[in-house]
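Engineer: So here's model.pdb (PDB, C-alpha atoms).
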```pdb
ATOM      1  CA  MET J   1      78.537  22.363  -9.288  1.00  0.00           C
ATOM      2  CA  LYS J   2      77.033  23.706 -12.485  1.00  0.00           C
ATOM      3  CA  VAL J   3      74.748  21.154 -14.147  1.00  0.00           C
ATOM      4  CA  ASN J   4      73.427  21.692 -17.672  1.00  0.00           C
ATOM      5  CA  VAL J   5      70.498  19.468 -18.662  1.00  0.00           C
ATOM      6  CA  HIS J   6      69.910  18.994 -22.386  1.00  0.00           C
ATOM      7  CA  ALA J   7      66.750  17.222 -23.565  1.00  0.00           C
ATOM      8  CA  VAL J   8      67.014  15.832 -27.098  1.00  0.00           C
ATOM      9  CA  ASN J   9      63.755  15.427 -29.083  1.00  0.00           C
ATOM     10  CA  PHE J  10      61.417  16.112 -26.135  1.00  0.00           C
ATOM     11  CA  ASN J  11      60.579  18.695 -23.467  1.00  0.00           C
ATOM     12  CA  VAL J  12      61.882  17.973 -19.985  1.00  0.00           C
ATOM     13  CA  ASP J  13      59.786  18.847 -16.922  1.00  0.00           C
ATOM     14  CA  GLY J  14      61.024  20.688 -13.848  1.00  0.00           C
ATOM     15  CA  LYS J  15      60.877  17.648 -11.548  1.00  0.00           C
ATOM     16  CA  LEU J  16      63.330  15.722 -13.712  1.00  0.00           C
ATOM     17  CA  VAL J  17      65.712  18.701 -13.890  1.00  0.00           C
ATOM     18  CA  ASP J  18      65.590  19.029 -10.091  1.00  0.00           C
ATOM     19  CA  PHE J  19      66.212  15.282  -9.710  1.00  0.00           C
ATOM     20  CA  VAL J  20      69.263  15.495 -11.982  1.00  0.00           C
ATOM     21  CA  GLN J  21      70.609  18.549 -10.104  1.00  0.00           C
ATOM     22  CA  ASP J  22      70.168  16.891  -6.694  1.00  0.00           C
ATOM     23  CA  ARG J  23      71.821  13.654  -7.789  1.00  0.00           C
ATOM     24  CA  MET J  24      74.770  15.416  -9.417  1.00  0.00           C
ATOM     25  CA  ASP J  25      75.256  17.638  -6.345  1.00  0.00           C
ATOM     26  CA  LYS J  26      75.636  14.506  -4.190  1.00  0.00           C
ATOM     27  CA  LEU J  27      78.701  13.548  -6.245  1.00  0.00           C
ATOM     28  CA  GLU J  28      80.642  16.513  -4.859  1.00  0.00           C
ATOM     29  CA  LYS J  29      81.178  14.700  -1.558  1.00  0.00           C
ATOM     30  CA  TYR J  30      83.363  12.155  -3.393  1.00  0.00           C
ATOM     31  CA  TYR J  31      85.508  14.704  -5.242  1.00  0.00           C
ATOM     32  CA  ASP J  32      85.028  18.422  -4.578  1.00  0.00           C
ATOM     33  CA  LYS J  33      86.959  19.781  -7.568  1.00  0.00           C
ATOM     34  CA  VAL J  34      84.236  19.020 -10.150  1.00  0.00           C
ATOM     35  CA  VAL J  35      83.767  22.044 -12.415  1.00  0.00           C
ATOM     36  CA  SER J  36      80.557  21.225 -14.288  1.00  0.00           C
ATOM     37  CA  SER J  37      78.396  18.476 -15.733  1.00  0.00           C
ATOM     38  CA  ASN J  38      76.454  18.230 -18.968  1.00  0.00           C
ATOM     39  CA  VAL J  39      73.561  15.773 -18.838  1.00  0.00           C
ATOM     40  CA  TYR J  40      71.998  14.722 -22.141  1.00  0.00           C
ATOM     41  CA  LEU J  41      68.596  13.019 -21.987  1.00  0.00           C
ATOM     42  CA  LYS J  42      67.538  11.289 -25.205  1.00  0.00           C
ATOM     43  CA  VAL J  43      64.574   9.189 -26.293  1.00  0.00           C
ATOM     44  CA  GLU J  44      65.181   6.610 -29.012  1.00  0.00           C
ATOM     45  CA  LYS J  45      62.347   5.821 -31.392  1.00  0.00           C
ATOM     46  CA  THR J  46      62.376   2.049 -30.972  1.00  0.00           C
ATOM     47  CA  SER J  47      59.915  -0.618 -29.896  1.00  0.00           C
ATOM     48  CA  ASP J  48      62.349  -1.621 -27.144  1.00  0.00           C
ATOM     49  CA  LYS J  49      61.211  -0.710 -23.604  1.00  0.00           C
ATOM     50  CA  GLU J  50      64.700   0.523 -22.689  1.00  0.00           C
ATOM     51  CA  ASN J  51      64.621   3.516 -25.037  1.00  0.00           C
ATOM     52  CA  LYS J  52      65.771   6.251 -22.618  1.00  0.00           C
ATOM     53  CA  ILE J  53      69.427   7.234 -22.923  1.00  0.00           C
ATOM     54  CA  VAL J  54      71.298   9.274 -20.319  1.00  0.00           C
ATOM     55  CA  GLU J  55      74.754  10.643 -21.125  1.00  0.00           C
ATOM     56  CA  VAL J  56      76.726  12.529 -18.500  1.00  0.00           C
ATOM     57  CA  LYS J  57      79.891  14.439 -19.312  1.00  0.00           C
ATOM     58  CA  MET J  58      81.642  15.650 -16.165  1.00  0.00           C
ATOM     59  CA  ASN J  59      84.472  18.181 -16.249  1.00  0.00           C
ATOM     60  CA  VAL J  60      87.175  17.937 -13.609  1.00  0.00           C
ATOM     61  CA  PRO J  61      90.540  19.695 -13.779  1.00  0.00           C
ATOM     62  CA  GLY J  62      92.741  17.736 -16.177  1.00  0.00           C
ATOM     63  CA  ASP J  63      90.058  15.253 -17.251  1.00  0.00           C
ATOM     64  CA  ASP J  64      86.568  14.739 -18.611  1.00  0.00           C
ATOM     65  CA  PHE J  65      84.506  11.728 -17.554  1.00  0.00           C
ATOM     66  CA  MET J  66      81.811  10.407 -19.886  1.00  0.00           C
ATOM     67  CA  VAL J  67      79.153   7.900 -18.825  1.00  0.00           C
ATOM     68  CA  LYS J  68      76.322   6.597 -21.022  1.00  0.00           C
ATOM     69  CA  LYS J  69      73.429   4.453 -19.778  1.00  0.00           C
ATOM     70  CA  GLN J  70      70.298   3.117 -21.482  1.00  0.00           C
ATOM     71  CA  CYS J  71      67.287   2.275 -19.288  1.00  0.00           C
ATOM     72  CA  LYS J  72      63.508   2.179 -19.067  1.00  0.00           C
ATOM     73  CA  THR J  73      63.263   5.483 -17.164  1.00  0.00           C
ATOM     74  CA  PHE J  74      65.425   8.581 -16.972  1.00  0.00           C
ATOM     75  CA  GLU J  75      65.555   8.346 -13.183  1.00  0.00           C
ATOM     76  CA  GLU J  76      67.028   4.838 -13.349  1.00  0.00           C
ATOM     77  CA  GLY J  77      69.547   5.974 -15.979  1.00  0.00           C
ATOM     78  CA  ILE J  78      70.600   8.951 -13.875  1.00  0.00           C
ATOM     79  CA  GLU J  79      71.054   6.752 -10.790  1.00  0.00           C
ATOM     80  CA  LEU J  80      73.194   4.237 -12.707  1.00  0.00           C
ATOM     81  CA  SER J  81      75.240   7.044 -14.269  1.00  0.00           C
ATOM     82  CA  ALA J  82      75.777   8.674 -10.882  1.00  0.00           C
ATOM     83  CA  GLU J  83      76.944   5.366  -9.385  1.00  0.00           C
ATOM     84  CA  SER J  84      79.475   4.937 -12.201  1.00  0.00           C
ATOM     85  CA  LEU J  85      80.675   8.508 -11.742  1.00  0.00           C
ATOM     86  CA  GLU J  86      81.033   7.918  -7.985  1.00  0.00           C
ATOM     87  CA  ARG J  87      83.479   5.090  -8.673  1.00  0.00           C
ATOM     88  CA  LEU J  88      85.400   7.212 -11.193  1.00  0.00           C
ATOM     89  CA  LEU J  89      85.622  10.180  -8.829  1.00  0.00           C
ATOM     90  CA  VAL J  90      86.748   8.053  -5.873  1.00  0.00           C
ATOM     91  CA  LYS J  91      89.459   6.502  -8.067  1.00  0.00           C
ATOM     92  CA  ARG J  92      90.505   9.957  -9.256  1.00  0.00           C
ATOM     93  CA  LYS J  93      90.672  11.296  -5.683  1.00  0.00           C
ATOM     94  CA  GLU J  94      92.773   8.346  -4.516  1.00  0.00           C
ATOM     95  CA  LYS J  95      95.144   8.877  -7.430  1.00  0.00           C
ATOM     96  CA  MET J  96      95.487  12.604  -6.669  1.00  0.00           C
ATOM     97  CA  SER J  97      95.945  12.302  -2.890  1.00  0.00           C
ATOM     98  CA  PRO J  98      99.531  12.368  -1.676  1.00  0.00           C
ATOM     99  CA  HIS J  99     100.942   9.026  -0.643  1.00  0.00           C
ATOM    100  CA  ILE J 100     102.134   8.888   2.938  1.00  0.00           C
TER     101      ILE J 100
END
```
Would you write the structure of this file as structure tokens?

Structural biologist:
Amino acid sequence: MKVNVHAVNFNVDGKLVDFVQDRMDKLEKYYDKVVSSNVYLKVEKTSDKENKIVEVKMNVPGDDFMVKKQCKTFEEGIELSAESLERLLVKRKEKMSPHI
């Protein structure tokens, strides 16, 4: 799966990009027809500790899934986003599979 990582208002390091790629690749075992994913990492300028925002837009044939999470760290946000996408992809696969 092609994963595009976009960092808004900061420079992202290689470890975080690799983490995002690995986590998104794991989603292919739930639904193998995923075309691509765009991951947007944003930092809000607030005094709140949970100022990291992760948005994931996943393209599958016929649909786009969008998940947005706000957390203390990008890793936590990516994990929560991936878990939400897992549920969406499993639901999508069940809907698409032929009923016997």

Engineer: Apply the PyMOL selection byres ((chain J and resi 32-45) around 7) to the displayed file and report the matching residues as JSON, numbers by chain.

Structural biologist: {"J": [1, 2, 3, 4, 5, 6, 7, 8, 9, 28, 29, 30, 31, 46, 51, 52, 53, 54, 55, 56, 57, 58, 59, 60]}

Engineer: Spell out the residues picked by the PyMOL selection byres ((chain J and resi 24) around 9) here, as a list in words.

Structural biologist: Met1, Val3, Phe19, Val20, Gln21, Asp22, Arg23, Asp25, Lys26, Leu27, Glu28, Ser37, Ile78 and Ala82 of chain J

Engineer: Grab the residues selected above and save them as a PDB file, in the coordinates of the input with C-alpha atoms.

Structural biologist:
```
ATOM      1  CA  MET J   1      78.537  22.363  -9.288  1.00  0.00           C
ATOM      2  CA  VAL J   3      74.748  21.154 -14.147  1.00  0.00           C
ATOM      3  CA  PHE J  19      66.212  15.282  -9.710  1.00  0.00           C
ATOM      4  CA  VAL J  20      69.263  15.495 -11.982  1.00  0.00           C
ATOM      5  CA  GLN J  21      70.609  18.549 -10.104  1.00  0.00           C
ATOM      6  CA  ASP J  22      70.168  16.891  -6.694  1.00  0.00           C
ATOM      7  CA  ARG J  23      71.821  13.654  -7.789  1.00  0.00           C
ATOM      8  CA  ASP J  25      75.256  17.638  -6.345  1.00  0.00           C
ATOM      9  CA  LYS J  26      75.636  14.506  -4.190  1.00  0.00           C
ATOM     10  CA  LEU J  27      78.701  13.548  -6.245  1.00  0.00           C
ATOM     11  CA  GLU J  28      80.642  16.513  -4.859  1.00  0.00           C
ATOM     12  CA  SER J  37      78.396  18.476 -15.733  1.00  0.00           C
ATOM     13  CA  ILE J  78      70.600   8.951 -13.875  1.00  0.00           C
ATOM     14  CA  ALA J  82      75.777   8.674 -10.882  1.00  0.00           C
TER      15      ALA J  82
END
```

Engineer: Name the closest residue to Pro61 of chain J among the candidates J:Leu80, J:Ser47, J:Met96, J:Phe74; distances are taken between atoms, counting all atoms listed in the file.

Structural biologist: J:Met96

Engineer: For the atom pair atom CA of Lys68 of chain J and atom CA of Leu88 of chain J, what is the interatomic distance in Å to one decimal place?

Structural biologist: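 Rounded to one decimal, the two atoms are 13.4 Å apart.
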
Engineer: In Å, rounded to a single decimal, give me how far atom CA of Ser81 of chain J is from atom CA of Lys95 of chain J.

Structural biologist: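 Distance between the two atoms: 21.1 Å.
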
Engineer: As an mmCIF file with C-alpha atoms, keeping the file's coordinate frame, please: the residues near Lys49 of chain J (cut-off 10 Å, only C-alpha atoms, same-chain neighbours under 4 positions excluded).

Structural biologist:
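Saved as around-v6.cif:
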```
data_model
loop_
_atom_site.group_PDB
_atom_site.id
_atom_site.type_symbol
_atom_site.label_atom_id
_atom_site.label_comp_id
_atom_site.auth_asym_id
_atom_site.auth_seq_id
_atom_site.Cartn_x
_atom_site.Cartn_y
_atom_site.Cartn_z
ATOM 1 C CA GLU J 44 65.181 6.610 -29.012
ATOM 2 C CA CYS J 71 67.287 2.275 -19.288
ATOM 3 C CA LYS J 72 63.508 2.179 -19.067
ATOM 4 C CA THR J 73 63.263 5.483 -17.164
#
```

Engineer: In Å, with one decimal, what is the gap from atom CA of Lys69 of chain J to atom CA of Leu85 of chain J?

Structural biologist: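 Atom CA of Leu85 of chain J lies at a distance of 11.6 Å from atom CA of Lys69 of chain J.
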
Engineer: My list of candidates is J:Asp18, J:Glu94, J:Glu50, J:Asp64. Which is closest to Glu76 of chain J when distances are computed with all atoms listed in the file?

Structural biologist: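 Closest to Glu76 of chain J, using all atoms listed in the file: J:Glu50.
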
Engineer: Identify which of the residues J:Asp48, J:Lys91, J:Val12, J:Val67 lies closest to Glu79 of chain J, counting only C-alpha atoms when measuring atom-to-atom distances.

Structural biologist: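 Nearest candidate to Glu79 of chain J out of J:Asp48, J:Lys91, J:Val12, J:Val67: J:Val67.
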